[in-house]
$ cat structure_33.txt   # compact mmCIF, C-alpha atoms
# COMPACT_ATOMS: atom_id res chain seq x y z
CA MET A 8 17.28 -20.44 -13.71
CA ARG A 9 13.54 -20.03 -13.95
CA VAL A 10 12.88 -16.39 -13.11
CA LEU A 11 9.49 -14.99 -12.15
CA HIS A 12 9.42 -11.32 -13.17
CA LEU A 13 6.63 -9.69 -11.19
CA TYR A 14 5.71 -6.42 -12.89
CA ALA A 15 3.27 -3.79 -11.60
CA HIS A 16 2.90 -0.80 -13.90
CA PRO A 17 -0.19 0.06 -15.97
CA LEU A 18 1.53 1.69 -18.94
CA ASP A 19 3.05 -0.34 -21.70
CA ASP A 20 5.96 0.33 -24.00
CA ALA A 21 5.77 4.12 -23.82
CA SER A 22 6.72 4.30 -20.13
CA PHE A 23 10.09 4.20 -18.43
CA HIS A 24 8.99 1.07 -16.59
CA GLY A 25 8.16 -0.54 -19.94
CA ALA A 26 11.73 0.16 -21.06
CA LEU A 27 13.09 -1.24 -17.81
CA ARG A 28 11.00 -4.36 -18.18
CA ARG A 29 12.29 -5.01 -21.70
CA ARG A 30 15.92 -4.42 -20.77
CA ALA A 31 15.55 -6.67 -17.74
CA GLY A 32 13.85 -9.40 -19.77
CA ASP A 33 16.43 -9.24 -22.57
CA ALA A 34 19.34 -9.35 -20.12
CA LEU A 35 17.88 -12.39 -18.37
CA ALA A 36 17.20 -14.21 -21.64
CA ALA A 37 20.68 -13.41 -22.98
CA ALA A 38 22.18 -14.90 -19.82
CA GLY A 39 20.27 -18.12 -20.48
CA HIS A 40 17.49 -17.79 -17.92
CA GLU A 41 13.92 -18.81 -18.53
CA VAL A 42 11.72 -15.79 -17.80
CA ASP A 43 8.08 -15.90 -16.75
CA LEU A 44 6.77 -12.33 -16.99
CA LEU A 45 3.85 -11.79 -14.63
CA ASP A 46 2.43 -8.44 -15.74
CA LEU A 47 -0.24 -7.84 -13.09
CA TYR A 48 -2.08 -5.13 -15.03
CA ALA A 49 -1.97 -6.94 -18.39
CA GLU A 50 -3.23 -10.14 -16.77
CA GLY A 51 -6.04 -8.23 -15.07
CA PHE A 52 -5.01 -9.35 -11.60
CA ASP A 53 -7.70 -8.52 -9.03
CA PRO A 54 -5.91 -7.22 -5.92
CA VAL A 55 -8.87 -7.36 -3.58
CA LEU A 56 -8.95 -10.22 -1.07
CA SER A 57 -12.64 -11.15 -1.07
CA PRO A 58 -14.83 -11.96 1.94
CA ASP A 59 -14.76 -15.67 0.98
CA GLU A 60 -11.01 -15.68 0.66
CA ARG A 61 -10.65 -14.01 4.03
CA ARG A 62 -12.94 -16.61 5.64
CA ARG A 63 -10.92 -19.55 4.27
CA TYR A 64 -7.54 -17.82 4.60
CA HIS A 65 -6.29 -20.26 7.24
CA ASP A 66 -7.73 -23.36 5.55
CA GLU A 67 -4.76 -24.61 3.54
CA ALA A 68 -6.89 -27.03 1.53
CA ARG A 69 -9.01 -24.21 0.12
CA ASN A 70 -7.14 -20.91 0.47
CA THR A 71 -5.58 -20.95 -3.01
CA ALA A 72 -8.86 -21.31 -4.92
CA GLY A 73 -8.98 -18.29 -7.22
CA VAL A 74 -5.21 -17.75 -7.27
CA ALA A 75 -4.00 -21.29 -8.07
CA PRO A 76 -2.23 -20.35 -11.35
CA TYR A 77 -0.24 -17.65 -9.54
CA VAL A 78 0.67 -20.02 -6.74
CA GLU A 79 1.89 -22.50 -9.33
CA ARG A 80 4.04 -19.93 -11.13
CA LEU A 81 5.51 -18.78 -7.84
CA GLY A 82 6.23 -22.40 -6.92
CA ARG A 83 8.04 -23.11 -10.19
CA ALA A 84 10.36 -20.11 -9.91
CA GLU A 85 13.96 -20.27 -8.72
CA ALA A 86 14.45 -16.50 -8.69
CA LEU A 87 12.10 -13.57 -8.11
CA VAL A 88 12.43 -10.18 -9.78
CA VAL A 89 9.90 -7.64 -8.53
CA GLN A 90 9.53 -4.35 -10.39
CA PHE A 91 7.28 -1.42 -9.46
CA PRO A 92 6.97 2.36 -9.13
CA THR A 93 6.50 3.90 -5.68
CA TRP A 94 3.01 5.36 -5.32
CA SER A 95 1.84 6.99 -2.12
CA PHE A 96 5.11 5.89 -0.49
CA GLY A 97 4.62 2.18 -1.15
CA PRO A 98 4.04 -0.40 -3.90
CA PRO A 99 0.96 0.09 -6.11
CA ALA A 100 -2.25 -1.44 -4.76
CA ILE A 101 -2.22 -4.16 -7.43
CA LEU A 102 1.11 -5.48 -6.09
CA LYS A 103 0.04 -5.14 -2.45
CA GLY A 104 -2.96 -7.27 -3.41
CA PHE A 105 -0.69 -9.94 -4.89
CA PHE A 106 0.94 -10.40 -1.49
CA ASP A 107 -2.45 -10.23 0.28
CA ARG A 108 -3.98 -12.96 -1.92
CA VAL A 109 -1.08 -15.22 -2.98
CA PHE A 110 1.22 -15.18 0.07
CA VAL A 111 -1.20 -17.29 2.11
CA PRO A 112 -0.53 -19.95 4.77
CA GLY A 113 0.73 -23.18 3.21
CA VAL A 114 2.08 -21.31 0.16
CA ALA A 115 4.45 -18.66 1.44
CA PHE A 116 4.68 -19.58 5.11
CA ASP A 117 3.87 -22.34 7.54
CA LEU A 118 1.56 -21.29 10.35
CA SER A 119 1.02 -24.75 11.86
CA ASP A 120 2.87 -23.62 14.98
CA PRO A 121 1.85 -19.95 15.45
CA ALA A 122 4.75 -19.48 17.85
CA ARG A 123 7.25 -20.51 15.15
CA VAL A 124 6.11 -19.20 11.79
CA ARG A 125 8.35 -20.54 9.02
CA PRO A 126 8.95 -19.24 5.48
CA LEU A 127 8.15 -21.63 2.60
CA LEU A 128 9.70 -19.94 -0.43
CA GLY A 129 13.16 -21.44 0.05
CA HIS A 130 13.15 -22.54 -3.61
CA LEU A 131 13.76 -18.86 -4.51
CA ARG A 132 17.55 -18.57 -4.62
CA ARG A 133 17.82 -15.00 -5.95
CA LEU A 134 15.79 -11.89 -5.16
CA VAL A 135 15.95 -8.62 -7.09
CA GLY A 136 13.95 -5.40 -6.62
CA ILE A 137 13.74 -2.80 -9.40
CA VAL A 138 12.01 0.25 -7.98
CA THR A 139 11.54 3.90 -8.93
CA TYR A 140 10.56 6.79 -6.66
CA GLY A 141 9.18 10.19 -7.64
CA ARG A 142 10.70 11.83 -4.57
CA PRO A 143 14.30 12.25 -3.47
CA ARG A 144 15.99 9.60 -1.40
CA LEU A 145 16.06 11.73 1.74
CA HIS A 146 12.28 12.04 1.67
CA ALA A 147 11.84 8.30 1.15
CA ARG A 148 14.11 7.68 4.14
CA TRP A 149 12.10 10.00 6.35
CA VAL A 150 9.05 7.83 5.62
CA GLY A 151 11.14 4.72 6.38
CA ASP A 152 11.60 3.77 2.71
CA PRO A 153 8.82 1.15 2.67
CA PRO A 154 9.61 -0.16 -0.85
CA ARG A 155 13.22 -0.91 0.09
CA LYS A 156 12.21 -2.64 3.31
CA ILE A 157 9.50 -4.59 1.55
CA VAL A 158 12.11 -6.13 -0.76
CA THR A 159 15.17 -6.36 1.50
CA ARG A 160 13.38 -7.38 4.71
CA TYR A 161 9.81 -8.55 4.04
CA LEU A 162 10.43 -10.57 0.85
CA ARG A 163 13.93 -11.43 2.09
CA TRP A 164 12.41 -13.39 4.95
CA PHE A 165 10.57 -15.79 2.62
CA VAL A 166 13.34 -16.75 0.21
CA ALA A 167 16.32 -19.10 0.72
CA ALA A 168 18.38 -18.01 3.73
CA ASP A 169 21.55 -17.65 1.64
CA ALA A 170 19.87 -16.05 -1.39
CA PRO A 171 21.65 -12.88 -2.56
CA VAL A 172 19.29 -9.89 -2.50
CA HIS A 173 19.77 -6.97 -4.86
CA TYR A 174 17.87 -3.72 -4.68
CA GLU A 175 18.15 -1.40 -7.66
CA ALA A 176 16.46 1.92 -6.95
CA LEU A 177 16.12 5.14 -8.92
CA TYR A 178 15.12 8.00 -6.62
CA HIS A 179 13.71 11.38 -7.64
CA LEU A 180 12.47 10.18 -11.02
CA ASN A 181 10.33 13.37 -11.25
CA VAL A 182 13.43 15.33 -12.20
CA ALA A 183 15.66 12.57 -13.62
CA THR A 184 17.55 13.57 -16.74
CA ALA A 185 17.70 11.33 -19.80
CA ALA A 186 21.30 10.51 -18.87
CA ARG A 187 20.38 9.37 -15.36
CA ARG A 188 17.58 7.22 -16.71
CA ALA A 189 19.93 5.68 -19.28
CA ARG A 190 22.48 4.90 -16.56
CA PHE A 191 19.79 3.22 -14.48
CA LEU A 192 18.72 1.10 -17.45
CA ASP A 193 22.34 0.02 -17.88
CA ARG A 194 22.62 -0.78 -14.18
CA VAL A 195 19.52 -2.97 -14.27
CA GLU A 196 20.77 -4.72 -17.39
CA ARG A 197 24.14 -5.46 -15.77
CA ARG A 198 22.57 -6.67 -12.54
CA LEU A 199 20.23 -9.10 -14.27
CA GLY A 200 22.83 -10.20 -16.75
CA ALA A 201 25.02 -11.25 -13.82
CA LEU A 202 22.28 -13.06 -11.92
CA MET B 15 -15.88 18.05 14.23
CA ARG B 16 -16.77 16.49 10.90
CA LEU B 17 -14.93 13.18 10.65
CA LEU B 18 -14.46 10.78 7.76
CA VAL B 19 -13.76 7.22 8.94
CA VAL B 20 -12.29 5.02 6.20
CA HIS B 21 -12.59 1.28 6.71
CA ALA B 22 -11.29 -1.75 4.79
CA HIS B 23 -12.18 -5.25 5.96
CA PRO B 24 -14.00 -7.79 3.80
CA VAL B 25 -15.81 -9.73 6.54
CA ALA B 26 -18.91 -8.31 8.23
CA GLU B 27 -18.55 -10.35 11.44
CA SER B 28 -14.87 -9.49 11.90
CA TYR B 29 -13.31 -7.86 14.92
CA ASN B 30 -12.02 -5.09 12.68
CA ARG B 31 -15.55 -4.30 11.52
CA ALA B 32 -16.58 -4.14 15.16
CA LEU B 33 -13.81 -1.57 15.72
CA PHE B 34 -15.14 0.45 12.78
CA GLU B 35 -18.66 0.43 14.21
CA LEU B 36 -17.35 1.26 17.66
CA THR B 37 -15.50 4.23 16.17
CA LEU B 38 -18.60 5.56 14.43
CA ALA B 39 -20.77 5.10 17.52
CA THR B 40 -18.28 6.59 19.97
CA LEU B 41 -17.73 9.67 17.86
CA ALA B 42 -21.42 10.22 17.18
CA ALA B 43 -22.21 9.93 20.89
CA ARG B 44 -19.64 12.62 21.61
CA GLY B 45 -21.42 14.99 19.24
CA HIS B 46 -19.17 14.71 16.18
CA GLU B 47 -20.62 14.62 12.71
CA VAL B 48 -19.36 11.28 11.39
CA GLU B 49 -19.30 9.77 7.93
CA GLY B 50 -18.25 6.16 7.41
CA LEU B 51 -16.53 5.06 4.21
CA ASP B 52 -16.53 1.27 3.96
CA LEU B 53 -14.38 0.52 0.90
CA TYR B 54 -15.46 -3.12 0.55
CA ALA B 55 -19.16 -2.28 0.90
CA GLU B 56 -18.80 0.43 -1.74
CA GLY B 57 -16.84 -1.86 -4.09
CA PHE B 58 -13.99 0.61 -4.45
CA GLU B 59 -11.72 -0.22 -7.40
CA PRO B 60 -8.14 0.14 -6.11
CA ALA B 61 -5.94 -0.24 -9.17
CA LEU B 62 -4.83 3.04 -10.75
CA ASP B 63 -5.27 2.07 -14.41
CA ALA B 64 -3.42 3.14 -17.56
CA ASP B 65 -5.66 6.18 -18.14
CA GLY B 66 -5.38 7.15 -14.50
CA ARG B 67 -1.60 6.98 -14.72
CA ARG B 68 -1.50 8.99 -17.95
CA HIS B 69 -3.61 11.79 -16.43
CA TYR B 70 -2.18 11.53 -12.93
CA GLU B 71 -0.60 14.96 -13.05
CA ALA B 72 -3.31 16.67 -15.14
CA HIS B 73 -5.29 19.00 -12.90
CA GLY B 74 -8.94 18.12 -13.49
CA ALA B 75 -8.62 14.97 -15.57
CA ASN B 76 -6.94 13.25 -12.63
CA ALA B 77 -9.74 14.17 -10.22
CA ARG B 78 -12.85 13.31 -12.21
CA PRO B 79 -12.82 9.51 -11.74
CA VAL B 80 -12.70 9.93 -7.95
CA ALA B 81 -14.74 13.15 -7.64
CA ALA B 82 -17.15 11.63 -5.13
CA GLN B 83 -14.27 10.57 -2.87
CA LEU B 84 -12.70 14.03 -3.08
CA ARG B 85 -15.97 15.70 -2.07
CA ARG B 86 -16.06 13.54 1.07
CA LEU B 87 -12.46 14.47 1.79
CA ALA B 88 -13.28 18.16 1.31
CA ARG B 89 -16.16 17.98 3.81
CA CYS B 90 -14.21 16.44 6.69
CA GLN B 91 -12.06 18.14 9.31
CA GLY B 92 -10.58 14.91 10.59
CA LEU B 93 -9.62 11.64 8.88
CA ILE B 94 -9.48 8.28 10.65
CA PHE B 95 -8.48 4.92 9.16
CA VAL B 96 -9.71 1.63 10.65
CA TYR B 97 -8.19 -1.42 8.95
CA PRO B 98 -6.22 -4.63 9.48
CA THR B 99 -2.51 -4.52 8.72
CA TRP B 100 -2.01 -7.39 6.29
CA TRP B 101 1.63 -8.34 6.07
CA TYR B 102 3.23 -4.94 6.42
CA ALA B 103 0.59 -2.38 5.38
CA GLN B 104 -2.96 -1.50 4.33
CA PRO B 105 -5.10 -4.05 2.45
CA ALA B 106 -4.80 -3.43 -1.31
CA ILE B 107 -8.26 -1.83 -1.45
CA LEU B 108 -7.11 0.88 0.98
CA LYS B 109 -3.66 1.25 -0.55
CA GLY B 110 -5.46 1.88 -3.82
CA TRP B 111 -7.65 4.54 -2.20
CA LEU B 112 -4.46 6.38 -1.23
CA ASP B 113 -2.99 5.85 -4.73
CA ARG B 114 -6.08 7.10 -6.57
CA VAL B 115 -7.56 9.79 -4.31
CA LEU B 116 -4.56 11.61 -2.86
CA LEU B 117 -3.81 13.36 -6.15
CA PRO B 118 -1.46 16.18 -7.14
CA HIS B 119 -2.97 19.69 -7.40
CA VAL B 120 -5.96 18.54 -5.35
CA CYS B 121 -4.43 17.03 -2.21
CA PHE B 122 -0.88 18.31 -2.59
CA ARG B 123 1.10 20.79 -4.64
CA MET B 124 3.65 19.19 -6.93
CA PRO B 125 7.24 19.90 -5.97
CA GLU B 126 9.16 22.30 -8.17
CA PRO B 127 12.86 23.07 -8.24
CA GLY B 128 13.60 24.89 -4.99
CA ARG B 129 10.06 24.39 -3.66
CA PRO B 130 9.13 21.14 -1.95
CA ILE B 131 5.78 19.44 -2.09
CA GLY B 132 3.05 21.51 -0.39
CA PRO B 133 -0.12 20.59 1.48
CA ARG B 134 -3.60 21.11 0.05
CA LEU B 135 -5.63 19.26 2.68
CA THR B 136 -5.03 22.10 5.10
CA HIS B 137 -8.60 21.92 6.41
CA VAL B 138 -7.89 18.45 7.88
CA GLN B 139 -6.85 18.87 11.50
CA VAL B 140 -6.88 15.32 12.86
CA LEU B 141 -5.32 12.18 11.36
CA GLY B 142 -5.73 8.87 13.15
CA GLY B 143 -5.23 5.17 12.61
CA ILE B 144 -6.68 2.13 14.34
CA SER B 145 -5.15 -1.13 13.15
CA THR B 146 -4.91 -4.79 14.04
CA TYR B 147 -1.77 -6.76 13.20
CA GLY B 148 -1.55 -10.51 12.62
CA ALA B 149 2.24 -10.48 12.44
CA PRO B 150 4.24 -10.63 15.64
CA TRP B 151 5.61 -7.29 16.77
CA TRP B 152 9.21 -8.21 15.86
CA PHE B 153 8.27 -8.76 12.21
CA THR B 154 6.39 -5.47 12.07
CA ARG B 155 9.32 -3.65 13.67
CA TRP B 156 11.88 -5.34 11.43
CA VAL B 157 10.00 -4.35 8.29
CA GLY B 158 9.60 -0.82 9.68
CA ASP B 159 5.79 -0.79 10.05
CA PRO B 160 5.32 0.61 6.52
CA GLY B 161 1.54 0.95 6.84
CA ARG B 162 1.81 3.26 9.82
CA ARG B 163 4.69 5.21 8.30
CA ILE B 164 2.87 5.70 5.01
CA LEU B 165 0.02 7.42 6.86
CA MET B 166 1.77 9.14 9.72
CA ARG B 167 4.85 10.36 7.86
CA GLY B 168 4.00 10.11 4.18
CA ILE B 169 0.41 11.42 4.11
CA LYS B 170 0.42 13.67 7.17
CA PRO B 171 2.35 16.53 5.52
CA LEU B 172 -0.61 16.96 3.12
CA MET B 173 -2.78 18.09 6.04
CA HIS B 174 -2.82 21.18 8.24
CA PRO B 175 0.69 21.89 9.63
CA ARG B 176 -0.59 21.49 13.19
CA CYS B 177 -2.69 18.41 12.41
CA ARG B 178 -2.99 16.19 15.49
CA THR B 179 -2.36 12.48 15.09
CA PHE B 180 -3.03 9.29 16.99
CA TRP B 181 -2.33 5.61 16.40
CA CYS B 182 -3.89 2.60 18.15
CA ALA B 183 -2.40 -0.81 17.34
CA LEU B 184 -3.31 -4.31 18.48
CA HIS B 185 -0.51 -6.80 17.77
CA ARG B 186 -0.61 -10.61 17.48
CA MET B 187 -4.28 -10.41 16.62
CA ASP B 188 -4.59 -14.19 16.13
CA SER B 189 -3.46 -15.17 19.59
CA VAL B 190 -4.79 -12.32 21.71
CA SER B 191 -7.39 -13.33 24.30
CA ALA B 192 -11.02 -12.21 24.36
CA ALA B 193 -10.16 -10.01 27.34
CA GLY B 194 -7.28 -8.50 25.36
CA ARG B 195 -9.65 -7.65 22.53
CA GLU B 196 -12.10 -5.99 24.89
CA ALA B 197 -9.28 -4.06 26.52
CA PHE B 198 -8.19 -2.78 23.11
CA LYS B 199 -11.74 -1.66 22.34
CA ALA B 200 -11.79 0.27 25.61
CA ARG B 201 -8.48 1.87 24.72
CA VAL B 202 -9.78 2.91 21.30
CA ARG B 203 -12.94 4.35 22.88
CA ARG B 204 -10.95 6.38 25.40
CA ARG B 205 -8.67 7.72 22.68
CA LEU B 206 -11.60 8.75 20.48
CA GLU B 207 -13.35 10.44 23.39
CA ARG B 208 -10.37 12.74 23.77
CA LEU B 209 -10.76 14.23 20.27
CA PRO B 210 -11.93 17.86 20.36
CA VAL B 211 -15.54 18.32 19.31
CA ASP B 212 -15.08 21.94 18.24
CA VAL B 213 -12.31 22.75 15.76
CA ALA B 214 -11.72 25.67 13.44
CA GLU B 215 -13.76 25.92 10.25
CA LEU B 216 -10.91 26.30 7.77
CA PRO B 217 -11.17 27.05 4.06
CA VAL B 218 -10.75 24.15 1.65
CA ALA B 219 -7.70 24.67 -0.57
CA MET B 220 -8.01 21.61 -2.81
CA GLY B 221 -7.15 23.26 -6.13
CA ASP B 222 -9.89 24.24 -8.57
CA GLN B 223 -12.91 22.67 -6.91
CA ALA B 224 -15.13 23.18 -9.94
CA LEU B 225 -13.18 20.30 -11.50
CA TRP B 226 -14.51 17.74 -9.05
CA SER B 227 -17.53 19.34 -7.40
CA GLU B 228 -19.85 17.39 -9.72
CA GLY B 229 -19.92 14.03 -11.49
$ encode --input "structure_33.txt" --output "structure tokens"
Amino acid sequence: MRVLHLYAHPLDDASFHGALRRRAGDALAAAGHEVDLLDLYAEGFDPVLSPDERRRYHDEARNTAGVAPYVERLGRAEALVVQFPTWSFGPPAILKGFFDRVFVPGVAFDLSDPARVRPLLGHLRRLVGIVTYGRPRLHARWVGDPPRKIVTRYLRWFVAADAPVHYEALYHLNVATAARRARFLDRVERRLGAL
Amino acid sequence: MRLLVVHAHPVAESYNRALFELTLATLAARGHEVEGLDLYAEGFEPALDADGRRHYEAHGANARPVAAQLRRLARCQGLIFVYPTWWYAQPAILKGWLDRVLLPHVCFRMPEPGRPIGPRLTHVQVLGGISTYGAPWWFTRWVGDPGRRILMRGIKPLMHPRCRTFWCALHRMDSVSAAGREAFKARVRRRLERLPVDVAELPVAMGDQALWSEG
């Protein structure tokens, strides 16, 4: 399958997310998938929806100007892997901006009948979230666990109705031992190897 | 009360901008001291970059790049957000303000074994949100209204323990009638008029203030 690996962490190889990204990428490649790594920081993605973009947001002929390459990569993919750390209880701003700017009418959803909004990313047949949290799980749940809901409910709505959704989360990373981190790396590798 | 009103909408002629201006005007007319922070107008850079992430937990180095924002936060006694909910939460420019400005040591105490995270914005006594939603209510409810939860449950514990909160939401923004929009404005005005004008002058406990009082 063609897998779009959406990655939102500013640090490179030295970070835990860098290690996760490599293990995920290797596992996918070893299983014969074709991986398109979209590293939002490395590609200098601008997360801010501009005044012009907001004005032509509903104009499907013009609302992808400025993000056309991203729309194309999203359109080519058959599976979506989204990987990010939890900051201020949600995804980093750069990833929020990806949804703001790329998930526009005519690309991610059909708004031609406002009473019946339809998803348009049915070509995505697998969805995987790889997410870390600084805080313990109980605290994330008190806040409603936005990252989990963003993957398992928000993104879930766009992809194929029968697409399996996997959410791999490591909570309380602030105090995670080397052994727990290693186990999580293994878990991510297994999950993506079995995609 | 001294209030900081944070706003994030790119379009000057938008309904959301009108809500921002209504908020500033209503509060000023009531005798509050109001400061507006328009993130688009100020060109705020929302992405926490590699250096920012490396120094995130370093008291001082983490605060310097956003010192001006922290000084505004230190001055206010109440914090109000006026923004559109895009998809499920704040526009990226506002999410990035939360990511970059609400820093450890300055806005909260890092958790330690046996001691949970602690508040440092204890001088902030009111937290409010005014938001418009394009999504139908069922979508917002299904996803769990992350934007509201991030502010009202995630961020609120950084403020004074008895911080008052309010939330005003207009759903189905794209199909609401002109009368519905006016009615929402009236609701927002009434809610703002109920905020207390006189509140306690509490000490600012945002870590070592010398680290961000200049620059």
$ closest_residue --input "structure_33.txt" --among "A:Pro153, A:Pro58, A:Gly73, A:Gly136" --to "A:Arg28" --atoms "all atoms listed in the file"
A:Gly136
$ interface_residues --input "structure_33.txt" --of "chain B" --to "chain A" --cutoff "8 Å" --atoms "only C-alpha atoms" --output "ChimeraX atom specification"
/B:24-25,60-64,67-68,100-102,105-110,112-113,116,156-158,160,163-164,167-169
$ atom_distance --input "structure_33.txt" --atom1 "atom CA of B:Ala219" --atom2 "atom CA of B:Gly92"
15.1 Å
$ atom_distance --input "structure_33.txt" --atom1 "atom CA of A:Ala36" --atom2 "atom CA of A:Arg83"
17.2 Å
$ residues_around --input "structure_33.txt" --residues "A:Thr71" --least-positions-apart "6" --cutoff "8 Å" --atoms "only C-alpha atoms" --output "list in words"
Val78, Val109 and Val111 of chain A
$ atom_distance --input "structure_33.txt" --atom1 "atom CA of B:Cys121" --atom2 "atom CA of B:Ala77"
10.0 Å
$ closest_residue --input "structure_33.txt" --among "B:Val140, B:Val190, B:Ala75, B:Ala26" --to "B:Arg208" --atoms "only C-alpha atoms"
B:Val140
$ closest_residue --input "structure_33.txt" --among "B:Gly66, B:Gly148, B:Pro98, B:Gly45" --to "B:Arg31" --atoms "all atoms listed in the file"
B:Pro98
$ axis_aligned_box --input "structure_33.txt" --around "stretch 73-90 of chain A" --padding-each-side "8 Å" --output "AutoDock Vina command-line options"
--center_x 2.7 --center_y -13.7 --center_z -9.0 --size_x 39.4 --size_y 34.8 --size_z 20.6
$ residues_around --input "structure_33.txt" --residues "B:Ala39" --least-positions-apart "3" --cutoff "12 Å" --atoms "only C-alpha atoms" --output "MDAnalysis selection string"
chainID B and resid 19 32:36 42:50 202:203 206:207
$ residues_around --input "structure_33.txt" --residues "B:Phe198" --least-positions-apart "3" --cutoff "12 Å" --atoms "all atoms listed in the file" --output "NGL selection string"
:B and (29-30 or 32-33 or 36 or 144-146 or 182-185 or 187 or 190-195 or 201-205)
$ closest_residue --input "structure_33.txt" --among "A:Leu202, A:Val89, A:Leu118, A:Ala34" --to "A:Tyr64" --atoms "all atoms listed in the file"
A:Leu118
$ residues_near_point --input "structure_33.txt" --point "(20.1, 1.1, -18.0)" --cutoff "12 Å" --atoms "only C-alpha atoms" --output "number ranges by chain"
A: 23-24, 26-31, 33-34, 137, 175-177, 185-200
$ closest_residue --input "structure_33.txt" --among "B:Met220, B:Ala103, B:Arg78, B:Leu41" --to "B:Arg123" --atoms "only C-alpha atoms"
B:Met220
$ residues_near_point --input "structure_33.txt" --point "(-2.9, -11.9, 14.7)" --cutoff "6 Å" --atoms "all atoms listed in the file" --output "PyMOL selection string"
chain B and resi 147-149+186-189
$ write_last_selection --input "structure_33.txt" --atoms "C-alpha atoms" --output "PDB file, in the frame of the given file"
ATOM      1  CA  TYR B 147      -1.770  -6.760  13.200  1.00  0.00           C
ATOM      2  CA  GLY B 148      -1.550 -10.510  12.620  1.00  0.00           C
ATOM      3  CA  ALA B 149       2.240 -10.480  12.440  1.00  0.00           C
ATOM      4  CA  ARG B 186      -0.610 -10.610  17.480  1.00  0.00           C
ATOM      5  CA  MET B 187      -4.280 -10.410  16.620  1.00  0.00           C
ATOM      6  CA  ASP B 188      -4.590 -14.190  16.130  1.00  0.00           C
ATOM      7  CA  SER B 189      -3.460 -15.170  19.590  1.00  0.00           C
TER       8      SER B 189
END
$ closest_residue --input "structure_33.txt" --among "B:Leu87, B:Ala200, B:Leu172, B:Leu209" --to "B:Pro130" --atoms "all atoms listed in the file"
B:Leu172
$ residues_around --input "structure_33.txt" --residues "B:Val80" --least-positions-apart "6" --cutoff "10 Å" --atoms "all atoms listed in the file" --output "MDAnalysis selection string"
chainID B and resid 111 114:117 226 229
